[in-house]
Each structure stands twice: as structure tokens, then as C-alpha cells.
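Visitor: My structure is in upload08.txt, and what it holds is compact mmCIF, C-alpha atoms:
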```txt
# COMPACT_ATOMS: atom_id res chain seq x y z
CA MET A 1 9.30 -5.49 18.85
CA LYS A 2 8.28 -2.35 17.02
CA LEU A 3 8.74 -1.56 13.38
CA LYS A 4 10.44 1.74 12.63
CA GLN A 5 7.74 4.33 11.93
CA GLY A 6 7.78 5.48 8.33
CA SER A 7 9.84 2.53 7.14
CA PHE A 8 8.67 0.60 4.10
CA LEU A 9 7.39 -2.40 6.09
CA TRP A 10 5.43 -0.07 8.32
CA TYR A 11 3.13 0.67 5.37
CA LEU A 12 2.36 -2.99 4.64
CA TYR A 13 -0.46 -4.86 6.30
CA LEU A 14 -1.70 -8.43 6.74
CA ASP A 15 -5.10 -9.72 5.86
CA LYS A 16 -6.68 -10.04 9.32
CA LEU A 17 -8.37 -13.35 8.62
CA TYR A 18 -5.58 -15.33 6.94
CA CYS A 19 -2.60 -13.32 8.23
CA LEU A 20 -0.95 -13.14 4.82
CA LEU A 21 0.00 -10.30 2.48
CA SER A 22 -2.17 -9.38 -0.49
CA VAL A 23 -0.91 -9.89 -4.05
CA ARG A 24 -0.25 -6.17 -4.37
CA ASN A 25 1.85 -6.14 -1.19
CA VAL A 26 3.76 -9.22 -2.31
CA LYS A 27 4.61 -7.56 -5.62
CA VAL A 28 5.96 -4.55 -3.77
CA LEU A 29 7.89 -6.78 -1.39
CA VAL A 30 9.51 -8.60 -4.32
CA GLU A 31 10.79 -5.28 -5.69
CA TYR A 32 12.13 -4.37 -2.26
CA PHE A 33 13.88 -7.73 -1.95
CA HIS A 34 15.52 -7.24 -5.34
CA LEU A 35 16.81 -3.84 -4.28
CA LEU A 36 18.55 -5.48 -1.33
CA ASP A 37 19.78 -8.46 -3.39
CA VAL A 38 22.91 -6.66 -4.59
CA HIS A 39 24.73 -9.86 -5.62
CA HIS A 40 21.84 -11.00 -7.84
CA ASN A 41 21.50 -14.44 -6.24
CA ASN A 42 17.84 -13.99 -5.25
CA THR A 43 19.10 -14.29 -1.67
CA LEU A 44 20.28 -12.12 1.22
CA ASN A 45 23.43 -13.08 3.08
CA ASP A 46 23.83 -12.66 6.84
CA VAL A 47 25.36 -9.16 6.63
CA LEU A 48 22.60 -7.73 4.43
CA PHE A 49 19.98 -9.52 6.52
CA TYR A 50 21.40 -8.10 9.74
CA HIS A 51 21.51 -4.53 8.45
CA PHE A 52 17.97 -4.82 7.08
CA LEU A 53 16.51 -6.00 10.40
CA HIS A 54 18.64 -3.58 12.37
CA HIS A 55 17.24 -0.74 10.28
CA VAL A 56 13.54 -1.66 10.44
CA THR A 57 13.22 -3.15 13.97
CA ASN A 58 14.59 -2.53 17.44
CA TRP A 59 16.03 -6.04 17.81
CA LYS A 60 19.55 -6.63 19.07
CA ARG A 61 22.29 -8.44 17.17
CA ARG A 62 21.75 -11.67 19.14
CA GLN A 63 18.04 -11.74 18.33
CA ILE A 64 18.64 -10.97 14.64
CA MET A 65 21.16 -13.81 14.29
CA ILE A 66 18.75 -16.22 16.04
CA VAL A 67 16.12 -15.31 13.46
CA PHE A 68 18.61 -15.71 10.62
CA ASN A 69 19.62 -19.20 11.81
CA MET A 70 15.96 -20.14 12.18
CA LEU A 71 15.11 -19.02 8.64
CA ASP A 72 18.22 -20.46 7.02
CA TRP A 73 16.59 -23.90 7.08
CA ASN A 74 18.81 -25.20 4.26
CA ALA A 75 21.95 -24.06 6.08
CA MET A 76 23.16 -22.19 2.98
CA GLY A 77 24.19 -19.07 4.84
CA GLU A 78 21.62 -17.11 2.84
CA ILE A 79 17.89 -16.67 2.87
CA GLY A 80 15.65 -16.62 -0.19
CA PHE A 81 12.43 -14.77 -0.88
CA ASP A 82 10.20 -17.47 0.68
CA GLN A 83 11.91 -17.11 4.02
CA PHE A 84 11.97 -13.33 3.68
CA TYR A 85 8.21 -13.33 3.06
CA MET A 86 7.65 -15.53 6.12
CA LEU A 87 9.74 -13.15 8.23
CA VAL A 88 7.81 -10.08 7.03
CA CYS A 89 4.51 -11.81 7.89
CA ILE A 90 5.79 -12.60 11.41
CA LEU A 91 6.98 -9.00 11.87
CA LEU A 92 3.65 -7.58 10.73
CA ALA A 93 1.70 -10.02 12.91
CA GLN A 94 3.65 -8.83 15.93
CA GLN A 95 3.32 -5.19 14.98
CA ASN A 96 -0.48 -5.50 14.64
CA HIS A 97 -0.94 -7.79 17.69
CA LEU A 98 -2.06 -10.75 15.60
CA GLU A 99 0.37 -13.34 17.01
CA GLU A 100 -2.29 -15.76 18.24
CA GLN A 101 -4.15 -15.59 14.96
CA PHE A 102 -0.95 -16.02 12.98
CA ILE A 103 0.12 -19.11 14.93
CA PHE A 104 -3.38 -20.56 14.61
CA ARG A 105 -3.57 -19.99 10.84
CA HIS A 106 -0.01 -21.15 10.08
CA SER A 107 0.57 -23.72 12.83
CA ARG A 108 2.46 -26.14 10.59
CA PRO A 109 5.10 -23.71 9.25
CA VAL A 110 5.54 -22.18 12.72
CA PHE A 111 5.98 -25.64 14.24
CA GLU A 112 8.59 -26.51 11.63
CA LEU A 113 10.42 -23.26 12.29
CA LEU A 114 10.51 -23.88 16.04
CA ASP A 115 11.56 -27.53 15.57
CA LEU A 116 15.22 -26.65 15.00
CA GLU A 117 16.61 -30.17 15.31
CA GLY A 118 13.96 -31.74 13.10
CA GLU A 119 12.77 -34.15 15.79
CA LEU A 120 9.09 -33.33 15.22
CA ARG A 121 8.93 -32.20 18.84
CA ILE A 122 9.39 -28.81 20.46
CA GLY A 123 10.95 -28.45 23.88
CA ALA A 124 10.46 -25.56 26.28
CA ASP A 125 13.93 -24.27 25.36
CA ASN A 126 12.88 -23.72 21.74
CA PHE A 127 9.86 -21.75 22.81
CA HIS A 128 11.89 -19.70 25.21
CA MET A 129 14.48 -18.90 22.56
CA TYR A 130 11.84 -17.54 20.18
CA ASN A 131 9.81 -15.82 22.84
CA PHE A 132 10.51 -12.39 21.32
CA LEU A 133 9.14 -13.52 17.94
CA PHE A 134 5.72 -14.75 18.97
CA ASN A 135 5.31 -12.86 22.22
CA ILE A 136 4.59 -15.95 24.35
CA LYS A 137 4.98 -15.07 28.02
CA LYS A 138 6.69 -17.30 30.61
CA GLN A 139 3.47 -17.97 32.49
CA GLU A 140 1.75 -19.01 29.25
CA LEU A 141 4.65 -21.33 28.42
CA LYS A 142 4.30 -23.07 31.80
CA GLU A 143 0.56 -23.48 31.27
CA LEU A 144 1.22 -24.69 27.75
CA TYR A 145 3.42 -27.56 28.89
CA HIS A 146 1.24 -28.34 31.85
CA ASP A 147 -2.06 -28.47 29.94
CA PHE A 148 -1.09 -29.73 26.51
CA ASP A 149 1.76 -32.14 27.02
CA VAL A 150 -0.56 -35.14 26.72
CA THR A 151 2.20 -37.66 26.06
CA GLY A 152 4.08 -36.47 29.16
CA ASP A 153 7.50 -36.29 27.53
CA ARG A 154 7.85 -32.56 28.32
CA ARG A 155 7.86 -31.79 24.63
CA LEU A 156 5.05 -30.98 22.24
CA ASN A 157 4.43 -32.90 19.04
CA TYR A 158 2.45 -31.28 16.24
CA LYS A 159 -1.01 -32.37 17.45
CA GLU A 160 -0.38 -31.05 20.95
CA PHE A 161 0.94 -27.82 19.45
CA LYS A 162 -2.16 -27.53 17.26
CA LEU A 163 -4.41 -27.93 20.33
CA PHE A 164 -2.46 -25.15 21.99
CA THR A 165 -3.00 -22.83 18.99
CA ILE A 166 -6.75 -23.56 19.00
CA PHE A 167 -6.93 -22.85 22.73
CA THR A 168 -5.02 -19.56 22.47
CA MET A 169 -7.19 -18.54 19.51
CA ASP A 170 -10.35 -19.14 21.58
CA LYS A 171 -8.90 -17.10 24.43
CA TYR A 172 -7.97 -14.32 22.01
CA GLN A 173 -11.50 -14.20 20.57
CA GLU A 174 -13.05 -14.13 24.05
CA ARG A 175 -10.72 -11.28 24.98
CA GLN A 176 -11.76 -9.34 21.91
CA LYS A 177 -15.47 -9.84 22.68
CA ALA A 178 -14.94 -8.72 26.27
CA GLU A 179 -13.08 -5.63 25.06
CA LYS A 180 -15.89 -4.76 22.63
CA GLU A 181 -18.51 -5.13 25.35
CA ASN A 182 -16.48 -2.94 27.69
CA GLU A 183 -16.25 -0.28 25.04
CA LYS A 184 -20.00 -0.35 24.47
CA LYS A 185 -20.61 -0.01 28.20
CA ARG A 186 -18.24 2.92 28.44
CA LYS A 187 -19.98 4.67 25.54
CA LYS A 188 -23.40 4.16 27.15
CA GLU A 189 -22.17 5.52 30.46
CA LYS A 190 -20.70 8.56 28.72
CA LYS A 191 -23.98 9.24 26.93
CA ALA A 192 -25.92 8.91 30.19
CA LEU A 193 -23.53 11.31 31.94
CA LEU A 194 -23.87 13.85 29.15
CA LYS A 195 -27.66 13.67 29.30
CA LYS A 196 -27.61 14.24 33.06
CA LYS A 197 -25.32 17.23 32.72
CA THR A 198 -27.39 18.89 30.00
CA HIS A 199 -30.55 18.31 32.02
CA GLN A 200 -28.99 19.94 35.09
CA VAL A 201 -27.79 22.92 33.07
CA ASN A 202 -31.31 23.45 31.70
CA ILE A 203 -32.75 23.39 35.21
CA ASN A 204 -30.20 25.91 36.55
CA THR A 205 -30.65 28.47 33.81
CA ALA A 206 -34.47 28.43 33.85
CA PRO A 207 -36.16 31.38 35.80
CA LYS A 208 -37.59 30.37 39.23
CA VAL A 209 -40.51 32.79 39.41
CA PRO A 210 -42.58 33.51 36.33
CA ILE A 211 -42.80 37.25 35.69
CA TYR A 212 -45.97 38.55 34.10
CA PRO A 213 -45.65 42.08 32.71
CA ASN A 214 -49.15 43.18 33.73
CA THR A 215 -48.82 42.21 37.37
CA TYR A 216 -45.39 43.91 37.58
CA LYS A 217 -46.79 47.18 36.27
CA HIS A 218 -49.66 46.98 38.67
CA TRP A 219 -47.22 46.39 41.53
CA LEU A 220 -45.15 49.42 40.53
CA GLU A 221 -48.20 51.64 40.50
CA LEU A 222 -49.24 50.38 43.86
CA SER A 223 -45.78 50.92 45.37
CA SER A 224 -45.53 54.47 44.02
CA MET B 1 2.35 23.34 -40.64
CA GLU B 2 -0.15 24.19 -37.91
CA GLU B 3 -0.45 21.83 -34.98
CA LYS B 4 -3.56 19.80 -34.40
CA PRO B 5 -4.81 19.64 -30.82
CA PHE B 6 -7.39 16.90 -31.29
CA ARG B 7 -4.94 14.59 -32.94
CA ALA B 8 -2.60 15.14 -30.00
CA SER B 9 -5.28 14.41 -27.39
CA LEU B 10 -7.19 11.66 -29.16
CA GLY B 11 -4.38 10.00 -31.00
CA SER B 12 -2.29 9.42 -27.90
CA GLY B 13 -2.86 5.70 -28.11
CA GLY B 14 -2.31 5.52 -31.86
CA SER B 15 1.42 5.65 -31.73
CA ASP B 16 1.36 3.12 -28.88
CA THR B 17 -0.14 0.53 -31.15
CA SER B 18 2.75 0.83 -33.55
CA ARG B 19 5.29 1.08 -30.72
CA PRO B 20 4.05 -1.14 -27.89
CA ASP B 21 7.22 -0.58 -25.84
CA ASN B 22 6.59 3.18 -25.71
CA ASP B 23 7.10 4.70 -22.24
CA ILE B 24 3.92 5.37 -20.29
CA ARG B 25 5.18 8.89 -19.56
CA ASN B 26 4.52 9.80 -23.20
CA LEU B 27 0.82 9.66 -22.43
CA TRP B 28 1.37 12.28 -19.75
CA THR B 29 3.53 14.51 -21.96
CA ARG B 30 0.99 14.35 -24.83
CA ALA B 31 -1.78 15.33 -22.42
CA THR B 32 0.13 18.46 -21.36
CA LEU B 33 1.05 19.28 -24.96
CA SER B 34 -2.58 19.08 -26.07
CA GLN B 35 -3.65 21.30 -23.19
CA SER B 36 -1.41 24.08 -24.47
CA LYS B 37 -3.09 23.94 -27.88
CA LEU B 38 -6.45 25.18 -26.68
CA ASN B 39 -5.82 28.61 -28.22
CA VAL B 40 -5.64 27.27 -31.81
CA PRO B 41 -8.12 29.17 -34.00
CA LEU B 42 -11.39 27.41 -34.57
CA PRO B 43 -11.35 26.98 -38.39
CA ASN B 44 -8.21 24.87 -38.05
CA VAL B 45 -9.87 22.83 -35.30
CA CYS B 46 -12.91 22.16 -37.45
CA GLU B 47 -10.76 21.11 -40.40
CA ASP B 48 -8.86 18.69 -38.22
CA SER B 49 -12.01 17.15 -36.79
CA ASP B 50 -13.23 16.53 -40.35
CA LEU B 51 -10.06 14.64 -41.11
CA GLU B 52 -10.54 12.44 -38.03
CA ASP B 53 -13.49 10.65 -39.55
CA SER B 54 -12.67 7.20 -38.19
CA SER B 55 -11.62 8.38 -34.72
CA PRO B 56 -14.15 6.38 -32.61
CA HIS B 57 -13.18 3.15 -34.36
CA SER B 58 -9.48 3.89 -34.14
CA LYS B 59 -9.90 4.56 -30.42
CA THR B 60 -11.54 1.18 -29.75
CA ARG B 61 -8.78 -0.50 -31.72
CA GLN B 62 -6.17 1.41 -29.68
CA TRP B 63 -7.82 0.40 -26.40
CA ARG B 64 -8.08 -3.27 -27.38
CA ASN B 65 -4.42 -3.31 -28.35
CA GLU B 66 -3.34 -1.58 -25.15
CA LYS B 67 -5.45 -3.95 -23.06
CA ALA B 68 -4.01 -6.99 -24.84
CA ARG B 69 -0.52 -5.66 -24.20
CA ARG B 70 -1.25 -5.16 -20.52
CA ASP B 71 -2.76 -8.62 -20.13
CA SER B 72 0.23 -10.25 -21.79
CA ASP B 73 2.61 -8.36 -19.49
CA GLY B 74 0.80 -9.73 -16.43
CA GLY B 75 -0.38 -6.41 -15.09
CA TRP B 76 -0.58 -5.09 -11.56
CA ASP B 77 -4.06 -6.21 -10.53
CA HIS B 78 -5.93 -6.38 -13.78
CA GLY B 79 -8.84 -8.20 -12.20
CA GLU B 80 -9.83 -4.94 -10.60
CA TYR B 81 -9.62 -2.80 -13.71
CA LYS B 82 -11.22 -4.87 -16.44
CA GLY B 83 -14.69 -3.44 -15.81
CA GLY B 84 -13.23 0.03 -15.37
CA PHE B 85 -11.55 0.01 -18.77
CA LYS B 86 -14.73 -1.06 -20.58
CA GLN B 87 -16.57 1.80 -18.98
CA GLU B 88 -13.86 4.22 -20.03
CA GLU B 89 -14.14 2.98 -23.62
CA LEU B 90 -17.84 3.79 -23.65
CA GLU B 91 -17.23 7.16 -22.07
CA ASP B 92 -14.62 7.98 -24.69
CA HIS B 93 -17.06 7.00 -27.44
CA SER B 94 -19.79 9.22 -26.09
CA LEU B 95 -17.36 12.10 -25.59
CA LEU B 96 -16.13 11.87 -29.15
CA GLU B 97 -19.65 11.82 -30.52
CA LEU B 98 -20.52 14.89 -28.45
CA GLN B 99 -17.45 16.67 -29.66
CA LEU B 100 -18.15 15.92 -33.32
CA ARG B 101 -21.72 17.13 -32.95
CA GLN B 102 -20.53 20.31 -31.26
CA GLU B 103 -17.97 20.95 -33.96
CA SER B 104 -20.52 20.59 -36.70
CA SER B 105 -22.78 23.11 -34.96
CA LEU B 106 -19.81 25.39 -34.36
CA GLY B 107 -18.90 25.24 -38.04
CA SER B 108 -22.37 26.46 -39.03
CA HIS B 109 -22.09 29.38 -36.59
CA LEU B 110 -18.79 30.44 -38.09
CA GLU B 111 -20.24 30.61 -41.55
CA GLU B 112 -22.67 33.31 -40.34
CA GLY B 113 -19.67 35.45 -39.23
CA ASP B 114 -21.01 36.49 -35.81
CA VAL B 115 -18.22 37.82 -33.52
CA ASP B 116 -19.99 37.28 -30.20
CA SER B 117 -21.00 33.77 -31.05
CA LYS B 118 -17.40 33.17 -32.12
CA THR B 119 -16.12 33.81 -28.59
CA GLU B 120 -18.89 31.62 -27.15
CA ILE B 121 -18.02 28.95 -29.65
CA GLU B 122 -14.35 29.13 -28.66
CA MET B 123 -15.31 28.77 -24.99
CA SER B 124 -17.48 25.73 -25.64
CA SER B 125 -14.83 24.11 -27.85
CA SER B 126 -12.22 24.63 -25.15
CA GLU B 127 -14.61 23.13 -22.61
CA SER B 128 -15.21 20.06 -24.73
CA SER B 129 -11.50 19.56 -25.30
CA LEU B 130 -10.94 19.99 -21.57
CA ASN B 131 -13.49 17.25 -20.92
CA ILE B 132 -11.53 14.94 -23.17
CA LEU B 133 -8.28 15.99 -21.55
CA LYS B 134 -9.72 15.07 -18.15
CA HIS B 135 -9.78 11.46 -19.30
CA THR B 136 -6.34 11.39 -20.94
CA PRO B 137 -4.39 11.82 -17.66
CA HIS B 138 -6.64 9.26 -15.98
CA ARG B 139 -5.85 6.72 -18.67
CA ALA B 140 -2.17 7.29 -18.21
CA TYR B 141 -2.57 6.96 -14.46
CA TRP B 142 -4.39 3.63 -14.66
CA ALA B 143 -1.99 2.30 -17.26
CA GLU B 144 0.89 3.18 -14.93
CA GLN B 145 -0.84 1.45 -12.04
CA GLN B 146 -1.19 -1.69 -14.13
CA ASN B 147 2.47 -2.15 -14.93
CA ARG B 148 4.48 -0.15 -12.43
CA LEU B 149 4.67 0.59 -8.78
CA PRO B 150 3.66 4.11 -7.73
CA LEU B 151 6.57 6.52 -7.83
CA PRO B 152 6.29 7.69 -4.20
CA LEU B 153 6.48 4.07 -3.06
CA MET B 154 9.50 3.41 -5.28
CA GLU B 155 11.17 6.48 -3.82
CA LEU B 156 10.55 5.31 -0.27
CA MET B 157 11.87 1.82 -1.04
CA GLU B 158 14.97 3.08 -2.80
CA ASN B 159 15.83 5.57 -0.07
CA GLU B 160 15.51 2.92 2.58
CA ALA B 161 17.49 0.36 0.57
CA LEU B 162 20.20 2.98 0.08
CA GLU B 163 20.51 3.55 3.82
CA ILE B 164 20.66 -0.19 4.55
CA LEU B 165 23.19 -0.90 1.81
CA THR B 166 25.43 2.01 2.84
CA LYS B 167 25.67 0.56 6.34
CA ALA B 168 26.26 -2.91 4.89
CA LEU B 169 29.10 -1.51 2.78
CA ARG B 170 30.94 -0.41 5.91
CA SER B 171 30.62 -3.95 7.31
CA TYR B 172 31.86 -5.44 4.05
CA ARG B 173 34.89 -3.15 3.96
CA SER B 174 35.85 -3.91 7.54
CA ALA B 175 35.25 -7.67 7.17
CA ILE B 176 36.52 -8.55 3.68
CA GLY B 177 38.28 -5.37 2.55
CA ARG B 178 37.66 -2.72 -0.14
CA ASP B 179 39.09 -4.70 -3.03
CA HIS B 180 36.95 -7.81 -2.67
CA PHE B 181 34.61 -8.36 -5.62
CA LEU B 182 31.56 -8.57 -3.33
CA THR B 183 32.41 -5.16 -1.85
CA LYS B 184 32.77 -3.71 -5.35
CA GLN B 185 29.47 -5.26 -6.42
CA LEU B 186 27.72 -3.69 -3.44
CA GLN B 187 29.39 -0.36 -4.17
CA ARG B 188 28.14 -0.46 -7.77
CA SER B 189 24.57 -1.14 -6.59
CA ILE B 190 24.75 1.80 -4.20
CA GLU B 191 26.02 4.08 -6.96
CA GLY B 192 23.22 2.90 -9.25
CA LEU B 193 20.64 3.72 -6.61
CA LYS B 194 22.18 7.15 -6.00
CA ARG B 195 22.11 7.91 -9.73
CA ARG B 196 18.43 6.96 -9.93
CA ARG B 197 17.64 9.14 -6.97
CA SER B 198 19.45 12.18 -8.36
CA LYS B 199 17.79 11.59 -11.75
CA ARG B 200 14.43 11.72 -10.03
CA LEU B 201 15.28 14.84 -8.06
CA ASN B 202 16.93 16.70 -10.96
CA PRO B 203 15.23 15.55 -14.16
CA LEU B 204 16.37 18.63 -16.11
CA ALA B 205 20.02 17.82 -15.53
CA TYR B 206 19.52 14.52 -17.37
```
Translate the structure described by the file into C-alpha cells.
Guide:
Amino acid sequence: MKLKQGSFLWYLYLDKLYCLLSVRNVKVLVEYFHLLDVHHNNTLNDVLFYHFLHHVTNWKRRQIMIVFNMLDWNAMGEIGFDQFYMLVCILLAQQNHLEEQFIFRHSRPVFELLDLEGELRIGADNFHMYNFLFNIKKQELKELYHDFDVTGDRRLNYKEFKLFTIFTMDKYQERQKAEKENEKKRKKEKKALLKKKTHQVNINTAPKVPIYPNTYKHWLELSS
Amino acid sequence: MEEKPFRASLGSGGSDTSRPDNDIRNLWTRATLSQSKLNVPLPNVCEDSDLEDSSPHSKTRQWRNEKARRDSDGGWDHGEYKGGFKQEELEDHSLLELQLRQESSLGSHLEEGDVDSKTEIEMSSSESSLNILKHTPHRAYWAEQQNRLPLPLMELMENEALEILTKALRSYRSAIGRDHFLTKQLQRSIEGLKRRRSKRLNPLAY
């Protein structure tokens, strides 16, 4: 998923540690929500919600309606500002590649969102359905159920899900460290290459035989 | 009756205390008005400064009132600006004192009737009023930031909302028809947004 460049949401950002919006951003978001709330119910119906997401993301109709049904947890046919705020945080987390961190920091609300039937357990189907939201790949899903389904019922309860979020967070942090180290190495190599090149250039341009003016004159006289 | 530049620039907050609901844009308009009054002859300026004998105290009163009003309104992020406003108060005090001292020295020069010094005096008085005017727009800017969203951001939001709602209107018309009250409500919102946008783009027309 990519947010439309230059759209209003594109200018917002999450706090990288807690994966939430700042007070200033929330105030702006409230104003934006009220602009879209044309019926003055403090809610957005399915049509307004669809057109909003269709405008700011590249999701298809099917994906947008899945998200709407997920957020409409009261089954009112409308979503309020709380759900809208949650959605914006998820969108920004995906845009800024903070999915692992977001799931780790907000494991309880994410678990409740994925637990559609309210059984306090998430099956593989739920994960697969919301794959596009949290960017969990198929291979990772298989590993998830293989490694963390402690009870063996092929579904994850909240504790198992929490373990999964801690594990993915550790992996994410290790990946970040590895990337930083790689960058440092690359910079060092570049510097070393530059030094070598400048040294070679200095050697090439320097004169091979020292010329002393007095000896040259003497040579000229002798040759004439 | 001749106009008084210092009253215009310094007394910008005075009317706000009596009319707390006054639009923030008045601070901007008064700043531009006072800037145009730099060419007022100096004797008038000196007379006016003499009349403004309680100006530093009136300014602190104005600032306290404005700050109280902002706090009660639940401003933008007033945690950030509390220290900043106190500093601005002190700066305004020191500026006013400087100005009064300069004016008293300018007044003595005038009495001697020296033409060259008169032009120098006019230059220095314009500079001092410019220094004060530098702060007036900043005050208006920070006051706007406290209570309102920045105008470019509002413009971006409204333009985007207009696009989304226009598309939604087509869906409403095809799904529930043009005469449904929800369709009419949406249409009215769109028209309101369009009016605001055209008001912003063509302020003279309104």
C-alpha cells in the first residue's frame, strides 16, 4: 500500500517509538474528519469511507470494504473518530515501514481487530485476510503458526500472539542493526577507495626526474 | 485629526481586551496600517509618545488578558509557547523604554532647529518603529498558531475533502437519487466548501 503523494495523510507522521500521532497531528486529523462528516453525526458511512480510502491509497474496493467491516466493530454501518484514528495510524505505519513496531506496541487492539468473531483466538484465515494491512508474508504466517501455536489448536490466543509480536520486534531490531553496520562498512570502503585514487593521481602527476636549472644550463653550453 | 502611528502599533492589543472575540487578522491589518504611517512628521510623533505615558503597563495588561483568553480557549500547543510569550513581554518592555528614551532625545534635537539632524532623527525614529513593527507580525503569527490551523494546511485539507465529497456525491445520486435528503445535505456541504475556497482565492470580491 502506498499513500498518494501530496495528499493530506502523506504529511502526517507517527512517533517512531510509540507509533501514535502527536497532539498537533490529532488536532489536524479531527478537523479533517469533520470536513468529511457531511451529515454531522461524528461518523463516516460506507460510501464516504470508500471514497476517502480510494482517494488516498491504492487499495481496491474489496480491500477497502474488508477494512470497513473490520473497523465497524459495533456493526452500526458507520465508523467514528476512534476507528478513523486507528486506521490512519495503521496506514502511516505501513507507509513508513513500521508494521512490526506498530503490532508490538499495540498488540491488544490489533488482536481484537483481527479477532472478527470475538472468540479470543485468531485463525490463519484471519491473518491471511488482513495480510495487506500488516504486510505479513505467507512464509512468516507459516512460521508463526508452527513456532507459536503452543496450545496446538492451530489458532493463536492473545499470549501466543504477544510472543509472536515480541519475536518479530527482535528480528526487526536485528535487521536494523545489520543494515546500519552494512552502511558503515560501505562508507569506510568508499573512503578507502577515494584515498587510494587521490594517492595514485598524486604519484602520476609528479615529475620523474628532478630538473636543476644550473645543471641544465651547463649541459646546454656543453652541447653547443 | 492626524493619525498616530505609535498608538496603532502599540495599542493593537488594547482593543482586543475590550473585544476578546476580535479576529486575529486585525492584528495583521493594524501592523500594515502602522507601517504606512512612518512618514508622519516628527513633532506629531513626539506629542503622541508623551500621551502614551502608561504604555508599558498597558502592554503587560494586554498580554496577560490575551494569554488568559488563549488558555481558556484550550490553545494549539500552549505548553510550547508559555516561555516564549514571557520573553516577548520582556522584549516589548525593553523596546518601549528604548523608544521613549530615543524620542526624548529626538525632541531636544528638534528644539535646536538643525535640518541635518532632523533627517537623521527621522531615520532613527523610523528604525525604532520598524523594530517594534517586527514584533507585531510575530505576535499575530503566534496567536494564530495557538488557536487556528495554518492556512496552507487548511487549504490542502479543504481541497482534498472537496475532491472526495464530489466523487461521493456521484455515488449518492446513483444509489439513492438526487432528491434524497442525504444527497442534498452532501451537496450543501460541497457548496459551502467551494464558497470558502473562492473566498480565499478572491478576497476582494467578498
Visitor: If you take only C-alpha atoms and a cut-off of 8 Å, which residues of chain B touch chain A, and what are their nearest atom pairs and distances in Å to one decimal, in chain and number order, as JSON lines?
Guide:
```
{"residue": "B:Trp76", "atom": "CA", "partner": "A:Arg24", "partner_atom": "CA", "distance": 7.3}
{"residue": "B:Asp77", "atom": "CA", "partner": "A:Arg24", "partner_atom": "CA", "distance": 7.2}
{"residue": "B:Leu149", "atom": "CA", "partner": "A:Val28", "partner_atom": "CA", "distance": 7.3}
{"residue": "B:Leu156", "atom": "CA", "partner": "A:Phe8", "partner_atom": "CA", "distance": 6.7}
{"residue": "B:Met157", "atom": "CA", "partner": "A:Phe8", "partner_atom": "CA", "distance": 6.2}
{"residue": "B:Glu158", "atom": "CA", "partner": "A:Leu35", "partner_atom": "CA", "distance": 7.3}
{"residue": "B:Glu160", "atom": "CA", "partner": "A:Ser7", "partner_atom": "CA", "distance": 7.3}
{"residue": "B:Ala161", "atom": "CA", "partner": "A:Leu36", "partner_atom": "CA", "distance": 6.2}
{"residue": "B:Ile164", "atom": "CA", "partner": "A:His51", "partner_atom": "CA", "distance": 5.9}
{"residue": "B:Leu165", "atom": "CA", "partner": "A:Leu36", "partner_atom": "CA", "distance": 7.2}
{"residue": "B:Lys167", "atom": "CA", "partner": "A:His51", "partner_atom": "CA", "distance": 6.9}
{"residue": "B:Ala168", "atom": "CA", "partner": "A:Leu48", "partner_atom": "CA", "distance": 6.1}
{"residue": "B:Ser171", "atom": "CA", "partner": "A:Val47", "partner_atom": "CA", "distance": 7.4}
{"residue": "B:Tyr172", "atom": "CA", "partner": "A:Val47", "partner_atom": "CA", "distance": 7.9}
{"residue": "B:Leu182", "atom": "CA", "partner": "A:His39", "partner_atom": "CA", "distance": 7.3}
{"residue": "B:Gln185", "atom": "CA", "partner": "A:His39", "partner_atom": "CA", "distance": 6.7}
{"residue": "B:Leu186", "atom": "CA", "partner": "A:Val38", "partner_atom": "CA", "distance": 5.8}
{"residue": "B:Ser189", "atom": "CA", "partner": "A:Val38", "partner_atom": "CA", "distance": 6.1}
```
Visitor: Between atom CA of A:Ile90 and atom CA of A:Lys162, what is the spacing in Å?
Guide: 17.9 Å
Visitor: Please compute the atom CA of A:Asp115-atom CA of A:Trp73 distance, one decimal, in Å.
Guide: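 For atom CA of A:Asp115 relative to atom CA of A:Trp73, the distance reads 10.5 Å.
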Visitor: Measuring atom to atom with all atoms listed in the file, identify which of A:Cys89, A:Asn182, A:Asn131, A:Asn157 is nearest to A:Gln63.
Guide: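 When distances to A:Gln63 are compared using all atoms listed in the file, the smallest one comes from A:Asn131.
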Visitor: A:Ala93, A:Met1, A:Leu156, A:Leu114: which is nearest A:Tyr13, counting all atoms listed in the file?
Guide: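 So, comparing all the options, the nearest one is A:Ala93.
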